[in-house]
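Engineer: Got structure-v8.pdb for you, PDB, C-alpha atoms and all ligand atoms:
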ATOM      1  CA  ALA E  21      -9.404  63.055 119.485
ATOM      2  CA  ASN E  22      -6.427  65.299 120.151
ATOM      3  CA  ALA E  23      -7.572  66.565 123.533
ATOM      4  CA  VAL E  24      -4.915  66.583 126.220
ATOM      5  CA  ARG E  25      -5.685  63.901 128.742
ATOM      6  CA  ASP E  26      -4.097  62.854 131.985
ATOM      7  CA  ARG E  27      -5.748  59.443 132.264
ATOM      8  CA  LEU E  28      -5.186  56.434 130.077
ATOM      9  CA  ARG E  29      -8.176  54.540 128.730
ATOM     10  CA  ILE E  30      -7.860  50.903 127.717
ATOM     11  CA  ALA E  31     -10.541  49.040 125.771
ATOM     12  CA  ILE E  32     -10.844  45.310 126.393
ATOM     13  CA  GLN E  33     -13.392  42.685 125.457
ATOM     14  CA  LYS E  34     -16.317  42.690 127.884
ATOM     15  CA  SER E  35     -16.750  38.921 127.766
ATOM     16  CA  GLY E  36     -15.775  36.260 125.269
ATOM     17  CA  ARG E  37     -12.410  34.609 124.873
ATOM     18  CA  LEU E  38     -10.203  37.590 125.626
ATOM     19  CA  GLY E  39     -12.120  39.263 128.458
ATOM     20  CA  ASP E  40     -10.811  37.367 131.477
ATOM     21  CA  PRO E  41      -7.185  36.967 130.385
ATOM     22  CA  SER E  42      -7.043  40.671 129.446
ATOM     23  CA  ARG E  43      -8.256  41.712 132.881
ATOM     24  CA  ALA E  44      -5.916  39.229 134.538
ATOM     25  CA  LEU E  45      -2.937  40.664 132.662
ATOM     26  CA  LEU E  46      -3.803  44.239 133.624
ATOM     27  CA  THR E  47      -4.424  43.194 137.231
ATOM     28  CA  ALA E  48      -1.005  41.537 137.307
ATOM     29  CA  CYS E  49       0.369  44.918 136.176
ATOM     30  CA  GLY E  50      -0.983  46.409 139.389
ATOM     31  CA  LEU E  51      -4.095  48.045 137.986
ATOM     32  CA  ASP E  52      -7.425  47.908 139.765
ATOM     33  CA  TRP E  53     -10.778  49.552 139.260
ATOM     34  CA  ARG E  54     -13.777  50.785 141.092
ATOM     35  CA  GLU E  55     -16.488  48.815 139.328
ATOM     36  CA  SER E  56     -19.208  50.950 137.883
ATOM     37  CA  ARG E  57     -22.632  49.354 138.050
ATOM     38  CA  ASP E  58     -23.138  48.793 134.348
ATOM     39  CA  ARG E  59     -19.525  47.699 134.073
ATOM     40  CA  LEU E  60     -19.045  49.407 130.737
ATOM     41  CA  PHE E  61     -16.574  51.854 132.212
ATOM     42  CA  CYS E  62     -14.290  51.005 135.126
ATOM     43  CA  TYR E  63     -12.527  53.863 136.867
ATOM     44  CA  GLY E  64      -8.861  53.155 137.710
ATOM     45  CA  GLU E  65      -7.990  53.365 141.396
ATOM     46  CA  THR E  66      -4.256  52.929 142.024
ATOM     47  CA  LEU E  67      -3.210  54.387 138.668
ATOM     48  CA  PRO E  68      -5.172  56.764 136.411
ATOM     49  CA  VAL E  69      -5.856  53.961 133.946
ATOM     50  CA  ASP E  70      -9.522  53.336 133.128
ATOM     51  CA  LEU E  71     -11.142  50.373 131.374
ATOM     52  CA  LEU E  72     -13.807  50.328 128.731
ATOM     53  CA  LEU E  73     -15.517  46.936 128.350
ATOM     54  CA  VAL E  74     -16.745  46.475 124.797
ATOM     55  CA  ARG E  75     -17.256  44.025 121.948
ATOM     56  CA  ASP E  76     -13.924  43.152 120.416
ATOM     57  CA  ASP E  77     -15.015  44.325 116.966
ATOM     58  CA  ASP E  78     -15.450  47.859 118.325
ATOM     59  CA  ILE E  79     -11.907  48.180 119.667
ATOM     60  CA  PRO E  80     -10.119  49.306 116.462
ATOM     61  CA  GLY E  81     -12.798  51.945 115.866
ATOM     62  CA  LEU E  82     -12.545  53.234 119.441
ATOM     63  CA  LEU E  83      -8.785  53.593 118.940
ATOM     64  CA  ALA E  84      -9.295  55.272 115.566
ATOM     65  CA  ASP E  85     -11.702  57.780 117.085
ATOM     66  CA  GLY E  86      -9.402  58.495 120.007
ATOM     67  CA  VAL E  87     -12.056  57.363 122.470
ATOM     68  CA  CYS E  88      -9.532  54.869 123.830
ATOM     69  CA  ASP E  89      -5.762  55.080 124.005
ATOM     70  CA  LEU E  90      -4.943  51.370 124.099
ATOM     71  CA  GLY E  91      -6.822  48.184 123.354
ATOM     72  CA  ILE E  92      -6.387  44.458 123.846
ATOM     73  CA  VAL E  93      -7.714  42.702 120.788
ATOM     74  CA  GLY E  94      -6.994  39.783 118.485
ATOM     75  CA  ARG E  95      -4.401  40.520 115.795
ATOM     76  CA  ASN E  96      -7.018  39.240 113.332
ATOM     77  CA  VAL E  97      -9.426  42.046 114.248
ATOM     78  CA  LEU E  98      -6.702  44.681 114.184
ATOM     79  CA  ALA E  99      -5.334  43.462 110.853
ATOM     80  CA  GLU E 100      -8.771  43.381 109.249
ATOM     81  CA  GLN E 101      -9.384  46.992 110.248
ATOM     82  CA  ALA E 102      -5.919  48.037 109.079
ATOM     83  CA  ALA E 103      -6.534  46.358 105.703
ATOM     84  CA  GLU E 104      -9.895  48.105 105.454
ATOM     85  CA  ARG E 105      -8.329  51.509 106.123
ATOM     86  CA  ALA E 106      -5.506  50.856 103.689
ATOM     87  CA  GLN E 107      -8.052  49.850 101.069
ATOM     88  CA  ALA E 108      -9.907  53.137 101.611
ATOM     89  CA  GLY E 109      -6.683  55.126 101.475
ATOM     90  CA  ALA E 110      -6.991  56.152 105.141
ATOM     91  CA  PRO E 111      -3.864  56.372 107.313
ATOM     92  CA  ALA E 112      -3.130  53.671 109.884
ATOM     93  CA  VAL E 113      -4.358  54.600 113.344
ATOM     94  CA  ALA E 114      -3.360  51.689 115.542
ATOM     95  CA  ALA E 115      -0.126  49.789 115.872
ATOM     96  CA  GLU E 116       0.561  46.430 117.477
ATOM     97  CA  LEU E 117       2.690  47.323 120.501
ATOM     98  CA  ARG E 118       3.010  43.893 122.107
ATOM     99  CA  ALA E 119       1.966  40.305 121.403
ATOM    100  CA  LEU E 120       0.408  39.039 124.623
ATOM    101  CA  GLY E 121       0.679  35.266 124.399
ATOM    102  CA  PHE E 122      -2.993  34.310 124.845
ATOM    103  CA  GLY E 123      -6.001  33.953 122.519
ATOM    104  CA  GLY E 124      -3.877  32.095 120.003
ATOM    105  CA  CYS E 125      -5.608  31.058 116.781
ATOM    106  CA  ARG E 126      -5.154  31.047 112.991
ATOM    107  CA  LEU E 127      -7.150  32.563 110.178
ATOM    108  CA  ASP E 128      -7.428  29.551 107.887
ATOM    109  CA  ILE E 129      -9.037  28.639 104.611
ATOM    110  CA  ALA E 130     -11.059  25.469 105.107
ATOM    111  CA  VAL E 131     -12.744  23.337 102.481
ATOM    112  CA  PRO E 132     -15.166  20.388 102.632
ATOM    113  CA  GLU E 133     -13.470  17.256 103.949
ATOM    114  CA  ASP E 134     -14.156  15.336 100.741
ATOM    115  CA  TRP E 135     -12.242  17.799  98.542
ATOM    116  CA  ASP E 136      -8.998  16.437  97.182
ATOM    117  CA  TRP E 137      -6.969  19.561  97.970
ATOM    118  CA  GLN E 138      -4.409  20.439  95.314
ATOM    119  CA  GLY E 139      -3.634  24.045  96.205
ATOM    120  CA  PRO E 140      -4.945  27.619  96.134
ATOM    121  CA  GLU E 141      -5.754  27.401  92.403
ATOM    122  CA  GLN E 142      -8.686  25.224  93.374
ATOM    123  CA  LEU E 143     -10.410  28.248  94.916
ATOM    124  CA  ARG E 144     -10.721  29.963  91.550
ATOM    125  CA  GLY E 145     -14.360  30.846  90.931
ATOM    126  CA  CYS E 146     -15.426  29.616  94.394
ATOM    127  CA  ARG E 147     -17.582  31.413  96.907
ATOM    128  CA  ILE E 148     -15.660  31.779 100.182
ATOM    129  CA  ALA E 149     -17.498  32.807 103.361
ATOM    130  CA  SER E 150     -15.626  34.899 105.913
ATOM    131  CA  SER E 151     -15.914  37.512 108.635
ATOM    132  CA  TYR E 152     -12.545  38.820 107.449
ATOM    133  CA  PRO E 153     -13.334  39.981 103.904
ATOM    134  CA  GLN E 154     -10.423  42.422 103.648
ATOM    135  CA  LEU E 155      -7.767  39.975 104.747
ATOM    136  CA  LEU E 156      -9.253  37.333 102.464
ATOM    137  CA  ARG E 157      -9.473  39.662  99.457
ATOM    138  CA  ARG E 158      -5.932  40.848  99.976
ATOM    139  CA  TRP E 159      -4.673  37.279 100.115
ATOM    140  CA  LEU E 160      -6.674  36.250  97.029
ATOM    141  CA  ALA E 161      -5.318  39.255  95.130
ATOM    142  CA  GLY E 162      -1.773  38.313  96.165
ATOM    143  CA  GLU E 163      -2.304  34.792  94.831
ATOM    144  CA  GLY E 164      -3.956  36.122  91.667
ATOM    145  CA  ILE E 165      -7.104  34.138  92.348
ATOM    146  CA  ASP E 166     -10.512  35.362  91.319
ATOM    147  CA  ALA E 167     -13.082  34.199  93.868
ATOM    148  CA  GLU E 168     -16.249  35.562  95.407
ATOM    149  CA  VAL E 169     -16.049  36.687  99.022
ATOM    150  CA  VAL E 170     -19.259  36.133 100.980
ATOM    151  CA  MET E 171     -19.218  38.332 104.065
ATOM    152  CA  LEU E 172     -20.837  36.702 107.119
ATOM    153  CA  SER E 173     -20.520  38.184 110.580
ATOM    154  CA  GLY E 174     -21.052  34.862 112.362
ATOM    155  CA  SER E 175     -21.612  31.107 111.913
ATOM    156  CA  VAL E 176     -19.211  31.071 108.993
ATOM    157  CA  GLU E 177     -18.491  27.368 109.390
ATOM    158  CA  ILE E 178     -22.012  26.269 108.483
ATOM    159  CA  ALA E 179     -22.124  28.302 105.253
ATOM    160  CA  PRO E 180     -21.000  25.406 103.004
ATOM    161  CA  ARG E 181     -23.665  23.071 104.432
ATOM    162  CA  LEU E 182     -26.291  25.760 103.873
ATOM    163  CA  GLY E 183     -25.159  26.185 100.289
ATOM    164  CA  GLN E 184     -24.083  29.802 100.886
ATOM    165  CA  ALA E 185     -20.443  29.126 100.052
ATOM    166  CA  ASP E 186     -18.053  26.463  98.772
ATOM    167  CA  ALA E 187     -15.289  27.132 101.291
ATOM    168  CA  VAL E 188     -14.672  29.289 104.355
ATOM    169  CA  CYS E 189     -11.966  31.549 105.719
ATOM    170  CA  ASP E 190     -12.383  31.423 109.481
ATOM    171  CA  LEU E 191     -10.616  31.481 112.847
ATOM    172  CA  VAL E 192      -9.387  28.095 113.994
ATOM    173  CA  SER E 193      -7.813  27.032 117.254
ATOM    174  CA  SER E 194      -8.317  23.316 117.888
ATOM    175  CA  GLY E 195     -10.066  22.655 114.596
ATOM    176  CA  ALA E 196     -12.943  20.917 116.393
ATOM    177  CA  THR E 197     -15.564  23.336 115.027
ATOM    178  CA  LEU E 198     -14.361  22.770 111.470
ATOM    179  CA  ALA E 199     -14.382  19.008 111.900
ATOM    180  CA  ALA E 200     -17.904  19.138 113.348
ATOM    181  CA  ASN E 201     -18.958  20.832 110.114
ATOM    182  CA  GLN E 202     -17.122  18.380 107.835
ATOM    183  CA  LEU E 203     -14.497  20.972 106.890
ATOM    184  CA  LYS E 204     -10.708  20.699 106.896
ATOM    185  CA  PRO E 205      -8.155  23.517 107.133
ATOM    186  CA  VAL E 206      -5.868  23.721 104.105
ATOM    187  CA  LEU E 207      -4.085  27.106 104.351
ATOM    188  CA  THR E 208      -3.187  29.689 106.987
ATOM    189  CA  LEU E 209      -3.569  33.380 106.129
ATOM    190  CA  LEU E 210      -2.650  34.797 109.527
ATOM    191  CA  ARG E 211      -1.322  33.553 112.864
ATOM    192  CA  SER E 212      -3.086  35.467 115.577
ATOM    193  CA  GLU E 213      -3.051  36.046 119.311
ATOM    194  CA  ALA E 214      -4.224  38.843 121.592
ATOM    195  CA  VAL E 215      -2.148  41.986 121.135
ATOM    196  CA  LEU E 216      -1.824  45.343 122.824
ATOM    197  CA  ALA E 217      -2.837  47.914 120.237
ATOM    198  CA  GLY E 218      -1.953  51.557 120.661
ATOM    199  CA  PRO E 219      -1.233  54.796 118.888
ATOM    200  CA  VAL E 220       1.050  54.946 115.874
ATOM    201  CA  ARG E 221       2.692  58.108 117.274
ATOM    202  CA  PRO E 222       3.643  58.475 120.946
ATOM    203  CA  PHE E 223       1.529  60.601 123.260
ATOM    204  CA  THR E 224       2.805  64.060 124.137
ATOM    205  CA  ASP E 225       0.806  64.552 127.348
ATOM    206  CA  ALA E 226       0.673  62.753 130.707
ATOM    207  CA  ARG E 227      -0.422  59.585 128.931
ATOM    208  CA  ALA E 228       3.121  59.101 127.624
ATOM    209  CA  ALA E 229       4.545  58.416 131.083
ATOM    210  CA  LEU E 230       1.560  56.269 132.047
ATOM    211  CA  MET E 231       2.007  54.162 128.959
ATOM    212  CA  GLN E 232       5.727  53.750 129.673
ATOM    213  CA  THR E 233       4.892  52.520 133.165
ATOM    214  CA  LEU E 234       2.275  50.123 131.880
ATOM    215  CA  LEU E 235       4.488  48.711 129.110
ATOM    216  CA  ARG E 236       7.372  48.198 131.519
ATOM    217  CA  ARG E 237       5.131  46.309 133.941
ATOM    218  CA  MET E 238       3.569  44.299 131.131
ATOM    219  CA  ASP E 239       6.985  43.255 129.868
ATOM    220  CA  GLY E 240       7.887  42.210 133.397
ATOM    221  CA  VAL E 241       4.694  40.198 133.803
ATOM    222  CA  MET E 242       5.099  38.474 130.452
ATOM    223  CA  ARG E 243       8.741  37.688 131.056
ATOM    224  CA  LEU E 244       7.777  36.035 134.341
ATOM    225  CA  ARG E 245       4.788  34.176 132.952
ATOM    226  CA  HIS E 246       6.623  30.847 132.845
ATOM    227  CA  SER E 247       9.444  31.847 135.160
ATOM    228  CA  ARG E 248      10.143  29.811 138.277
ATOM    229  CA  LEU E 249      12.831  29.772 140.903
ATOM    230  CA  LEU E 250      14.549  26.405 140.788
ATOM    231  CA  LEU E 251      16.403  25.063 143.826
ATOM    232  CA  PHE E 252      18.376  21.859 144.204
ATOM    233  CA  GLN E 253      21.506  20.338 145.656
ATOM    234  CA  ALA E 254      24.144  18.266 143.902
ATOM    235  CA  GLU E 255      27.681  16.993 144.220
ATOM    236  CA  ARG E 256      30.313  19.444 142.992
ATOM    237  CA  GLY E 257      31.302  17.136 140.145
ATOM    238  CA  ALA E 258      27.773  17.089 138.692
ATOM    239  CA  MET E 259      27.195  20.844 138.769
ATOM    240  CA  ALA E 260      28.675  21.860 135.401
ATOM    241  CA  ARG E 261      26.529  19.290 133.582
ATOM    242  CA  LEU E 262      23.410  20.354 135.515
ATOM    243  CA  ILE E 263      23.920  23.998 134.617
ATOM    244  CA  GLU E 264      24.085  22.956 130.959
ATOM    245  CA  LEU E 265      20.553  21.642 131.417
ATOM    246  CA  LEU E 266      19.385  25.151 132.322
ATOM    247  CA  PRO E 267      19.898  27.158 129.115
ATOM    248  CA  ASP E 268      16.880  29.342 129.960
ATOM    249  CA  ALA E 269      18.219  30.335 133.394
ATOM    250  CA  GLU E 270      19.608  33.616 134.617
ATOM    251  CA  PRO E 271      23.180  33.182 135.910
ATOM    252  CA  PRO E 272      22.603  30.829 138.869
ATOM    253  CA  THR E 273      23.744  31.306 142.450
ATOM    254  CA  VAL E 274      25.749  28.325 143.701
ATOM    255  CA  LEU E 275      26.431  27.935 147.415
ATOM    256  CA  GLN E 276      28.491  25.495 149.386
ATOM    257  CA  VAL E 277      26.379  23.427 151.782
ATOM    258  CA  ASP E 278      28.449  21.134 153.997
ATOM    259  CA  GLY E 279      32.104  20.385 153.674
ATOM    260  CA  ALA E 280      33.318  20.892 150.137
ATOM    261  CA  ASP E 281      31.380  18.398 148.085
ATOM    262  CA  THR E 282      27.704  19.296 148.283
ATOM    263  CA  LEU E 283      26.584  22.451 146.498
ATOM    264  CA  ALA E 284      23.175  24.138 146.430
ATOM    265  CA  LEU E 285      21.975  25.939 143.333
ATOM    266  CA  GLN E 286      19.283  28.549 142.873
ATOM    267  CA  ALA E 287      18.364  29.804 139.449
ATOM    268  CA  LEU E 288      15.566  31.850 137.889
ATOM    269  CA  CYS E 289      14.440  29.827 134.848
ATOM    270  CA  HIS E 290      12.269  31.343 132.148
ATOM    271  CA  GLY E 291      11.111  28.229 130.304
ATOM    272  CA  ALA E 292       8.388  25.865 131.457
ATOM    273  CA  MET E 293       9.607  23.711 134.342
ATOM    274  CA  THR E 294       7.932  20.463 133.384
ATOM    275  CA  TRP E 295       8.102  17.148 135.231
ATOM    276  CA  GLN E 296      10.233  15.848 132.390
ATOM    277  CA  ARG E 297      12.813  18.569 132.961
ATOM    278  CA  LEU E 298      12.913  17.829 136.695
ATOM    279  CA  GLU E 299      13.363  14.144 135.992
ATOM    280  CA  ASP E 300      16.218  14.924 133.576
ATOM    281  CA  LEU E 301      17.889  17.069 136.246
ATOM    282  CA  ARG E 302      17.427  14.363 138.840
ATOM    283  CA  HIS E 303      18.942  11.840 136.481
ATOM    284  CA  ALA E 304      21.963  14.131 136.088
ATOM    285  CA  GLY E 305      22.485  14.221 139.854
ATOM    286  CA  ALA E 306      20.225  16.922 141.252
ATOM    287  CA  ARG E 307      18.582  16.179 144.629
ATOM    288  CA  GLY E 308      15.912  17.962 146.632
ATOM    289  CA  LEU E 309      14.546  19.690 143.565
ATOM    290  CA  MET E 310      12.138  22.494 144.344
ATOM    291  CA  VAL E 311      10.267  24.822 141.981
ATOM    292  CA  LEU E 312       8.874  28.069 143.374
ATOM    293  CA  PRO E 313       6.625  30.679 141.789
ATOM    294  CA  VAL E 314       8.115  34.119 141.239
ATOM    295  CA  GLU E 315       5.835  36.952 142.195
ATOM    296  CA  ARG E 316       7.840  39.972 141.063
ATOM    297  CA  THR E 317      11.315  40.975 140.041
ATOM    298  CA  LEU E 318      12.854  44.393 139.847
ATOM    299  CA  ALA E 319      16.238  44.675 138.194
TER     300      ALA E 319
HETATM  301  P1  LIG K   1     -17.699  39.914 120.999
HETATM  302  O1  LIG K   1     -19.008  39.686 121.673
HETATM  303  O2  LIG K   1     -16.754  40.690 121.870
HETATM  304  O3  LIG K   1     -17.813  40.493 119.614
HETATM  305  P2  LIG K   1     -16.703  37.557 119.612
HETATM  306  O4  LIG K   1     -17.682  36.437 119.605
HETATM  307  O5  LIG K   1     -16.512  38.374 118.393
HETATM  308  O6  LIG K   1     -17.029  38.469 120.884
HETATM  309  P3  LIG K   1     -14.697  35.721 120.634
HETATM  310  O7  LIG K   1     -15.277  34.487 120.054
HETATM  311  O8  LIG K   1     -14.714  35.904 122.111
HETATM  312  O9  LIG K   1     -15.262  37.042 119.948
HETATM  313  O10 LIG K   1     -13.193  35.799 120.116
HETATM  314  C1  LIG K   1     -12.382  36.884 120.422
HETATM  315  C2  LIG K   1     -11.004  36.641 119.824
HETATM  316  O11 LIG K   1     -10.460  35.435 120.346
HETATM  317  C3  LIG K   1     -10.950  36.420 118.327
HETATM  318  O12 LIG K   1     -10.996  37.639 117.593
HETATM  319  C4  LIG K   1      -9.620  35.734 118.161
HETATM  320  O13 LIG K   1      -8.554  36.683 118.143
HETATM  321  C5  LIG K   1      -9.485  34.917 119.448
HETATM  322  N1  LIG K   1      -9.702  33.455 119.261
HETATM  323  C6  LIG K   1      -8.924  32.485 119.751
HETATM  324  N2  LIG K   1      -9.359  31.272 119.396
HETATM  325  C7  LIG K   1     -10.453  31.448 118.661
HETATM  326  C8  LIG K   1     -11.369  30.561 117.999
HETATM  327  N3  LIG K   1     -11.228  29.246 118.029
HETATM  328  N4  LIG K   1     -12.410  31.128 117.357
HETATM  329  C9  LIG K   1     -12.599  32.442 117.345
HETATM  330  N5  LIG K   1     -11.749  33.317 117.934
HETATM  331  C10 LIG K   1     -10.689  32.843 118.571
HETATM  332 MG    MG K   2     -16.779  40.175 118.009
END
For the structure just supplied, provide its representation as structure tokens.

Structural biologist:
Amino acid sequence: ANAVRDRLRIAIQKSGRLGDPSRALLTACGLDWRESRDRLFCYGETLPVDLLLVRDDDIPGLLADGVCDLGIVGRNVLAEQAAERAQAGAPAVAAELRALGFGGCRLDIAVPEDWDWQGPEQLRGCRIASSYPQLLRRWLAGEGIDAEVVMLSGSVEIAPRLGQADAVCDLVSSGATLAANQLKPVLTLLRSEAVLAGPVRPFTDARAALMQTLLRRMDGVMRLRHSRLLLFQAERGAMARLIELLPDAEPPTVLQVDGADTLALQALCHGAMTWQRLEDLRHAGARGLMVLPVERTLA
């Protein structure tokens, strides 16, 4: 695990919810790979950064064993493993380096729809099914509630109907799966999204510089995720008010167009440029509004 290495190895989910967005993020950071035929290991071409395509549950263990240097995984999976290690008295091996803004979900307690929910006390003595036994136990202990945790690695949401449990503690995004199983969410234990997980202590070999490069590019990509270049023209008198409508913009460039009264503005805006925002700008006097994608910036 402590071998000196000059390539960086990143574990991502092979398929599933996080696979494609993880690859897309790394591709946007300028990485590419020579595909190996089994596609378990992808050898980095432009940078010495290789990919390991695995089941998400395996990522914390691969980091712990030093097989991989970085991983993209749900905070829920990382937190469950961290709680498990803490419980066993083992030191933490992986830290959350960045939240990545996709794969958003919650780890919720859900109960049958016909329960008249009064509060956590109601879980006393219940059987609660979950794939996150450590996080659930830790939360129950914090609340001082004695309940039985039923560990299930999948299909948690049908456990109450099968009589295996009274309630569940499961991942929820839209809530449609819960509703389809006549369950309702009542409490949130953890807000999750995909995160970049990495070593607790910095590398001391060539991987340190590689990781710096990757993090800098990732920050750039994430900062630009919703960024657009906004262009419009307006009368001089309307400009101050229009700029007030751009609180998420970098300091804009304002140019004089013809004569003295028409100005053109260009601004890099970091918030979502919705139709509503464009309509508000138009209402405040902007004309010829144009929104352009931003490919890269380099300060
Ligand atoms: P694998 O085969 O890699 O083990 P999996 O079935 O365990 O896949 P997915 O269902 O693809 O995993 O979920 C991966 C991650 O996506 C979850 O750990 C979680 O962080 C996130 N996620 C986002 N929304 C949801 C959701 N509604 N249900 C489950 N996971 C979700
Ligand atoms: Mg899994």

Engineer: Find the nearest atom pair between each residue of chain E and ligand LIG 1 (chain K) for residues within 6 Å, count only C-alpha atoms and all ligand atoms, give distances in Å to one decimal, sort rows by chain and ascending number, and present the table as a Markdown table.

Structural biologist:
| residue | atom | partner | partner_atom | distance |
| --- | --- | --- | --- | --- |
| E:Gln33 | CA | K:LIG1 | O2 | 5.3 |
| E:Gly36 | CA | K:LIG1 | O8 | 3.4 |
| E:Arg37 | CA | K:LIG1 | O8 | 3.8 |
| E:Leu38 | CA | K:LIG1 | C1 | 5.7 |
| E:Arg75 | CA | K:LIG1 | O2 | 3.4 |
| E:Asp76 | CA | K:LIG1 | O2 | 4.0 |
| E:Asp77 | CA | K:LIG1 | O3 | 5.4 |
| E:Gly94 | CA | K:LIG1 | O13 | 3.5 |
| E:Asn96 | CA | K:LIG1 | O13 | 5.7 |
| E:Val97 | CA | K:LIG1 | O12 | 5.8 |
| E:Gly123 | CA | K:LIG1 | C6 | 4.3 |
| E:Gly124 | CA | K:LIG1 | C6 | 5.1 |
| E:Cys125 | CA | K:LIG1 | N2 | 4.6 |
| E:Leu191 | CA | K:LIG1 | N4 | 4.9 |
| E:Val192 | CA | K:LIG1 | N3 | 4.6 |
| E:Ser193 | CA | K:LIG1 | N3 | 4.1 |
| E:Glu213 | CA | K:LIG1 | O13 | 5.7 |
| E:Ala214 | CA | K:LIG1 | O13 | 5.9 |

Engineer: Residues of the last selection are to be written out with C-alpha atoms, as a tab-separated table (two decimals), in the coordinates of the input.

Structural biologist:
chain	number	residue	atom	x	y	z
E	33	GLN	CA	-13.39	42.68	125.46
E	36	GLY	CA	-15.78	36.26	125.27
E	37	ARG	CA	-12.41	34.61	124.87
E	38	LEU	CA	-10.20	37.59	125.63
E	75	ARG	CA	-17.26	44.02	121.95
E	76	ASP	CA	-13.92	43.15	120.42
E	77	ASP	CA	-15.02	44.32	116.97
E	94	GLY	CA	-6.99	39.78	118.48
E	96	ASN	CA	-7.02	39.24	113.33
E	97	VAL	CA	-9.43	42.05	114.25
E	123	GLY	CA	-6.00	33.95	122.52
E	124	GLY	CA	-3.88	32.10	120.00
E	125	CYS	CA	-5.61	31.06	116.78
E	191	LEU	CA	-10.62	31.48	112.85
E	192	VAL	CA	-9.39	28.10	113.99
E	193	SER	CA	-7.81	27.03	117.25
E	213	GLU	CA	-3.05	36.05	119.31
E	214	ALA	CA	-4.22	38.84	121.59

Engineer: Check what the PyMOL selection byres (((chain E and resi 140) around 9) and not hetatm) selects in the file above and give those residues as a ChimeraX atom specification.

Structural biologist: /E:137-139,141-144,160,163,165,206-207

Engineer: Would you export the selected residues with C-alpha atoms as a PDB file, in the frame of the given file, please?

Structural biologist:
ATOM      1  CA  TRP E 137      -6.969  19.561  97.970  1.00  0.00           C
ATOM      2  CA  GLN E 138      -4.409  20.439  95.314  1.00  0.00           C
ATOM      3  CA  GLY E 139      -3.634  24.045  96.205  1.00  0.00           C
ATOM      4  CA  GLU E 141      -5.754  27.401  92.403  1.00  0.00           C
ATOM      5  CA  GLN E 142      -8.686  25.224  93.374  1.00  0.00           C
ATOM      6  CA  LEU E 143     -10.410  28.248  94.916  1.00  0.00           C
ATOM      7  CA  ARG E 144     -10.721  29.963  91.550  1.00  0.00           C
ATOM      8  CA  LEU E 160      -6.674  36.250  97.029  1.00  0.00           C
ATOM      9  CA  GLU E 163      -2.304  34.792  94.831  1.00  0.00           C
ATOM     10  CA  ILE E 165      -7.104  34.138  92.348  1.00  0.00           C
ATOM     11  CA  VAL E 206      -5.868  23.721 104.105  1.00  0.00           C
ATOM     12  CA  LEU E 207      -4.085  27.106 104.351  1.00  0.00           C
TER      13      LEU E 207
END

Engineer: Please tell me which residues are no farther than 9 Å from (25.1, 26.6, 146.2) in the file, counting all atoms listed in the file, and write them as number ranges by chain.

Structural biologist: E: 252-254, 272-277, 282-286

Engineer: What separation in Å, quoted to one decimal, exists between CA of Pro271 (chain E) and CA of Gln296 (chain E)?

Structural biologist: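 These two atoms are separated by 21.9 Å.
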
Engineer: Which residues fall under the PyMOL selection byres (((chain E and resi 66) around 9) and not hetatm) in this file, as a short mmCIF file (atom, residue, chain, number, x, y, z; two decimals) with C-alpha atoms, in the frame of the given file?

Structural biologist:
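Here's the written file expr.cif:
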data_model
loop_
_atom_site.label_atom_id
_atom_site.label_comp_id
_atom_site.auth_asym_id
_atom_site.auth_seq_id
_atom_site.Cartn_x
_atom_site.Cartn_y
_atom_site.Cartn_z
CA GLY E 50 -0.98 46.41 139.39
CA LEU E 51 -4.10 48.04 137.99
CA ASP E 52 -7.42 47.91 139.76
CA TRP E 53 -10.78 49.55 139.26
CA GLY E 64 -8.86 53.16 137.71
CA GLU E 65 -7.99 53.36 141.40
CA LEU E 67 -3.21 54.39 138.67
CA PRO E 68 -5.17 56.76 136.41
CA VAL E 69 -5.86 53.96 133.95
#

Engineer: Which value, in Å to one decimal, gives the distance between CA of Ala130 (chain E) and CA of Ala187 (chain E)?

Structural biologist: 5.9 Å

Engineer: Go through E:Ser247, E:Ser151, E:Thr294, E:Ser194 and flag the residue nearest ligand MG 2 (chain K), using only C-alpha atoms and all ligand atoms for the distances.

Structural biologist: E:Ser151

Engineer: Around the point (17.9, 17.4, 132.7), in the coordinates given by the file, pick out the residues reaching within 10 Å, counting all atoms listed in the file, and return them as an mmCIF file with C-alpha atoms, in the frame of the given file.

Structural biologist:
data_model
loop_
_atom_site.group_PDB
_atom_site.id
_atom_site.type_symbol
_atom_site.label_atom_id
_atom_site.label_comp_id
_atom_site.auth_asym_id
_atom_site.auth_seq_id
_atom_site.Cartn_x
_atom_site.Cartn_y
_atom_site.Cartn_z
ATOM 1 C CA ARG E 261 26.529 19.290 133.582
ATOM 2 C CA LEU E 262 23.410 20.354 135.515
ATOM 3 C CA ILE E 263 23.920 23.998 134.617
ATOM 4 C CA GLU E 264 24.085 22.956 130.959
ATOM 5 C CA LEU E 265 20.553 21.642 131.417
ATOM 6 C CA LEU E 266 19.385 25.151 132.322
ATOM 7 C CA GLN E 296 10.233 15.848 132.390
ATOM 8 C CA ARG E 297 12.813 18.569 132.961
ATOM 9 C CA LEU E 298 12.913 17.829 136.695
ATOM 10 C CA GLU E 299 13.363 14.144 135.992
ATOM 11 C CA ASP E 300 16.218 14.924 133.576
ATOM 12 C CA LEU E 301 17.889 17.069 136.246
ATOM 13 C CA ARG E 302 17.427 14.363 138.840
ATOM 14 C CA HIS E 303 18.942 11.840 136.481
ATOM 15 C CA ALA E 304 21.963 14.131 136.088
ATOM 16 C CA GLY E 305 22.485 14.221 139.854
ATOM 17 C CA ALA E 306 20.225 16.922 141.252
#

Engineer: For each of E:Asp281, E:Asp85, E:Asp186, E:Asp78, take the minimum atom-to-atom distance to ligand MG 2 (chain K), counting all atoms listed in the file, then give the residue where this is smallest.

Structural biologist: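 For ligand MG 2 (chain K), the nearest of the candidates is E:Asp78.
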